[in-house]
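Peer 1: Here it is, the structure in full.
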Amino acid sequence: MPQKHIPTAPAGDKYKEDVAHAEHGMRGDTMGITAKITFVIALCWSLFQMASASVLLIDSIYVKSIHLAFAITLVYFNIPMIKPSASSRWDLRILLAMNRVTVMDYILGIMAAVAALYIFLDYTGLSSRPGSPIARDILMGIMLVVLLLEATRRVLGPALPIISTVFILYVFTGPYLPDFLAFKGASLSRFISQITMDTQGVYGIPLQVSATVVFLFVLFGTMLDRAGGGTFFTQLAISGLGRYRGGAAKAAVFSSALSGMVSGSSIANVVTTGTFTIPLMKKVGYPAVKAAAIEVASSVNGQLAPPVMGAAAFIIAEYVNVPYIEVAKAAAIPAFASYAALLWITHVEACKLGLRGLSKDELPRAWDVLRGGLHFLFPLAMLLYELIALQHSAELSVFRAIIVLAIIMIFQPVCVAVVRKTSKWKALKEGLALTVSSMAAGANNMAGVALATASAGIIVGCVSLGLGQQITSFVEILSMGNIFLLLIITAAASLLLGMGLPTTANYIIMASLTAPVLVELASGFTIHGTQLAVPLMAAHLYCFYFGILADDTPPVGLAAYAGAAIANTSPIAVGIQGFFYDIRTALLPLVFIFNHDIILWNIHSMPEAVMIFCMTSLGMICFSSMIQGWYITKTSIADRLLLFAATVALMYPALITGFFLPHEQRYFGYLLGLALMVLTWLRQKAGAKFSREAAA
């Protein structure tokens with residue numbers, strides 16, 4: 001069997017359950033009536049979302065309302081208000097009966113669902129009194145805000161509700177604050193109208209993207225993983241790359257890239273691929289901390305890669321007002337160049353440790369792996385064909401890919417039964433059961449995302465009430481009009497917020513507050529006499545990148561905790577090492593703010609795009625070697641200076657050539673970068689030869 005040589009983490013299924021709880025908070029009752037009720041609700045949610053993407057034609061506000069109602073109900077029906085520790089001195093579970101959901105949770109869940117559906121139930125009445133809510137409207141609006149924030153706290157922790165509450169308080173206390181913070185504020189009537197009965201608050205763009213596209217992509221990723229796609233990608237990567245130096249780590253990077261492109265979740269990625277790759281890396285000689293950090297870094301980068309990008313790709317498309325394919329185009333080179341550099345880092349680490357590849361006997365046979373999982377490529381091929389060749393919407397494309405995947409999941413056991421001459425009816429029931437349970441699991445995985453986008457919508461609504469202009473002025477004052485200082489402030493804020501917020505919510509907040517300021521401040525900045533004009537796309541991607549890096553930033557990065565648990569080592573050490581690896585990723589947004597070629601802005605030639613990708617990847621490799629202190633051997637100070645110069649020339653050639661060549665001839669800087677790479681290589685080869693001769 002292809003998997004016989006691949007070690008797995010102990011208690012893998014239990015560990016996946018624990019991490020799912022950490023990421024989504026959707027591990028409540030696992031037995032009894034609650035489990036059955038929530039299973040039915042989750043399945044109905046998936047069926048509704050698939051219907052709304054195909055045959056069910058209803059207004060988008062209705063879709064968002066029903067989407068939120070399903071999500072908020074699942075949370076209240078799954079997660080109790082208080083989850084006391086079993087070691088508590090006082091048995092609060094007996095006093096409060098909150099170790100599992102209670103009748104009170106059911107009542108709150110029903111009230112929350114009604115509040116979420118209110119805009120759907122009384123849409124005609126609300127449309128007839130825009131901006132003038134009656135007492136019932138205000139009551140339902142207050143109930144929605146309070147219950148939404150409580151549900152978000154249950155599923156995602158306190159950070160996002162606290163930030164949302166601060167913004168709400170700012171709206172009402174604005175007139176009474178000091179001059180540099182004060183703004184006119186808003187009445188309760190206006191606040192409720194804006195936040196809960198308009199498309200600029202809870203039911204705004206973030207929830208719309210969650211309700212239309214993101215749900216289907218998360219469902220697709222969950223179904224593919226449940227069907228065995230994650231294991232297939234890992235096995236395929238190991239069979240192809242395992243024989244090379246540090247091949248186990250290279251396989252981890254490759255499999256995480258494939259898995260992350262579909263799942264869009266760094267923590268799910270660590271759990272799916274890391275249970276195979278981390279033990280394998282430890283087996284071939286990687287220390288536990290480095291093995292976990294490599295998996296974490298590659299899984300976090302999965303959110304950078306199209307088509308899903310942690311759900312942010314679709315929100316960016318809406319905010320920037322461009323087709324989704326333009327976002328994928330802009331994100332492609334940075335994402336894959338980052339992975340190329342991480343592959344180089346795994347090679348560098350293997351060289352430092354003196355590791356070799358796995359033997360042939362230790363590897364699964366590539367043909368056996370491919371033959372056993374070839375069918376997993378069909379839904380992916382369908383998705384790419386729909387998106388790229390037919391240029392259909394992301395929603396329709398992933399819906400059709402899900403249909404193909406569901407057919408495969410249902411009939412794969414039947415085909416196996418035919419070959420093995422066992423009961424085909426029993427196999428068909430197994431396939432149907434797997435498909436149905438996967439659809440319910442996909443809905444459970446979406447609850448946290450849906451509530452994150454809805455709660456982030458509260459913040460966006462507060463900003464649009466007039467708070468945004470005040471915050472923009474405050475950020476400008478804080479940065480003193482300096483774009484470099486603004487970039488540092490934005491990066492630091494994204495990292496800090498990302499420690500407590502999901503990536504999508506973090507991006508929404510930072511993009512709403514800083515992206516417009518970034519574009520505005522850049523207009524007054526000049527390089528070589530040329531005025532800088534930062535595209536809105538670059539500003540949004542900048543906020544997104546630093547929010548992602550928070551997933552492995554100590555002390556809170558959840559992906560680092562997941563990797564450390566599998567490797568049985570310190571999560572703080574894994575977070576520090578993972579962040580050290582991900583410094584290369586932090587370089588990319590800092591560069592493409594100034595060099596828009598990297599995001600293919602106004603570049604439409606495929607040969608030119610390939611050249612930019614190759615040069616950017618080489619630049620990232622030079623930068624990684626400089627940071628890691630190793631190129632082909634250990635680097636000296638002179639080597640690092642040469643590698644730094646090569647990085648600048650390869651990633652921002654206009655900065656070099658702009659001193660003596662027209663901007664149109666900026667690509668001559670690539671020649672300088674390549675020359676510096678070769679020079680460093682020759683220096684190190686000569687130094688290594690001299691050392692060998694001296695030793696002899």
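Here's how to read the names in the structure tokens: chain A, B, ... by the order shown, residue numbers from 1 in each chain, ligand numbers from 1 in the order shown.
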Within 9 Å of Lys329 (chain A), counting only C-alpha atoms, which residues show up once you throw out same-chain ones fewer than 6 positions away? Write them as an mmCIF file with N, CA, C and O atoms, in the first residue's frame, please.
Peer 2:
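Resulting contents of out_34.cif:
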```cif
data_model
loop_
_atom_site.group_PDB
_atom_site.id
_atom_site.type_symbol
_atom_site.label_atom_id
_atom_site.label_comp_id
_atom_site.auth_asym_id
_atom_site.auth_seq_id
_atom_site.Cartn_x
_atom_site.Cartn_y
_atom_site.Cartn_z
ATOM 1 N N PRO A 306 -3.956 31.649 -4.654
ATOM 2 C CA PRO A 306 -5.283 31.488 -5.269
ATOM 3 C C PRO A 306 -5.573 29.990 -5.404
ATOM 4 O O PRO A 306 -4.646 29.189 -5.465
ATOM 5 N N ILE A 599 2.824 42.315 -8.747
ATOM 6 C CA ILE A 599 1.402 41.938 -8.754
ATOM 7 C C ILE A 599 0.817 42.061 -10.164
ATOM 8 O O ILE A 599 -0.405 42.077 -10.341
ATOM 9 N N LEU A 600 1.710 42.140 -11.160
ATOM 10 C CA LEU A 600 1.324 42.173 -12.588
ATOM 11 C C LEU A 600 0.361 43.311 -12.881
ATOM 12 O O LEU A 600 -0.569 43.159 -13.689
#
```
Peer 1: Would you pick out the contacts of Asn444 (chain A) at 12 Å or less, using only C-alpha atoms, so that residues sharing its chain but fewer than 4 positions from it are not included, and give the list as number ranges by chain?
Peer 2: A: 20-21, 23-28, 35, 38-46, 70-75, 77-79, 155, 215, 218-219, 222, 437-440, 448-451
Peer 1: Between A:Gly141, A:Pro364, A:Gly575, A:Gly230, which has the minimum distance to Gly242 (chain A) (counting only C-alpha atoms)?
Peer 2: A:Pro364
Peer 1: Step one, run DSSP on the backbone; step two, keep only residues of region 474-625 of chain A assigned to strand (DSSP E or B); then write them as JSON, numbers by chain.
Peer 2: {"A": [526, 527, 530, 531]}
Peer 1: Take the residues just selected and output them with N, CA, C and O atoms as a PDB file, in the first residue's frame.
Peer 2:
```pdb
ATOM      1  N   THR A 526       7.741  60.437  -4.158  1.00  0.00           N
ATOM      2  CA  THR A 526       8.406  60.323  -5.457  1.00  0.00           C
ATOM      3  C   THR A 526       9.658  59.471  -5.340  1.00  0.00           C
ATOM      4  O   THR A 526      10.344  59.476  -4.311  1.00  0.00           O
ATOM      5  N   ILE A 527       9.938  58.712  -6.405  1.00  0.00           N
ATOM      6  CA  ILE A 527      11.155  57.912  -6.511  1.00  0.00           C
ATOM      7  C   ILE A 527      11.809  58.251  -7.839  1.00  0.00           C
ATOM      8  O   ILE A 527      11.193  58.099  -8.910  1.00  0.00           O
ATOM      9  N   THR A 530       9.855  60.333 -10.123  1.00  0.00           N
ATOM     10  CA  THR A 530       8.570  59.791 -10.588  1.00  0.00           C
ATOM     11  C   THR A 530       7.625  59.665  -9.406  1.00  0.00           C
ATOM     12  O   THR A 530       7.978  59.094  -8.372  1.00  0.00           O
ATOM     13  N   GLN A 531       6.414  60.200  -9.561  1.00  0.00           N
ATOM     14  CA  GLN A 531       5.436  60.159  -8.470  1.00  0.00           C
ATOM     15  C   GLN A 531       4.914  58.741  -8.293  1.00  0.00           C
ATOM     16  O   GLN A 531       4.542  58.064  -9.254  1.00  0.00           O
TER      17      GLN A 531
END
```
Peer 1: According to DSSP computed on the backbone, where in region 314-490 of chain A is there alpha helix (DSSP H)? Give the residues as a PyMOL selection string.
Peer 2: chain A and resi 314-320+324-353+366-373+377-384+394-420+424-462+468-479+483-490
Peer 1: Calculated over only C-alpha atoms, which of the candidates A:Ile238, A:Leu672, A:Cys462, A:Ala313 has the smallest distance to Tyr507 (chain A)?
Peer 2: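 When distances to Tyr507 (chain A) are compared using only C-alpha atoms, the smallest one comes from A:Ala313.
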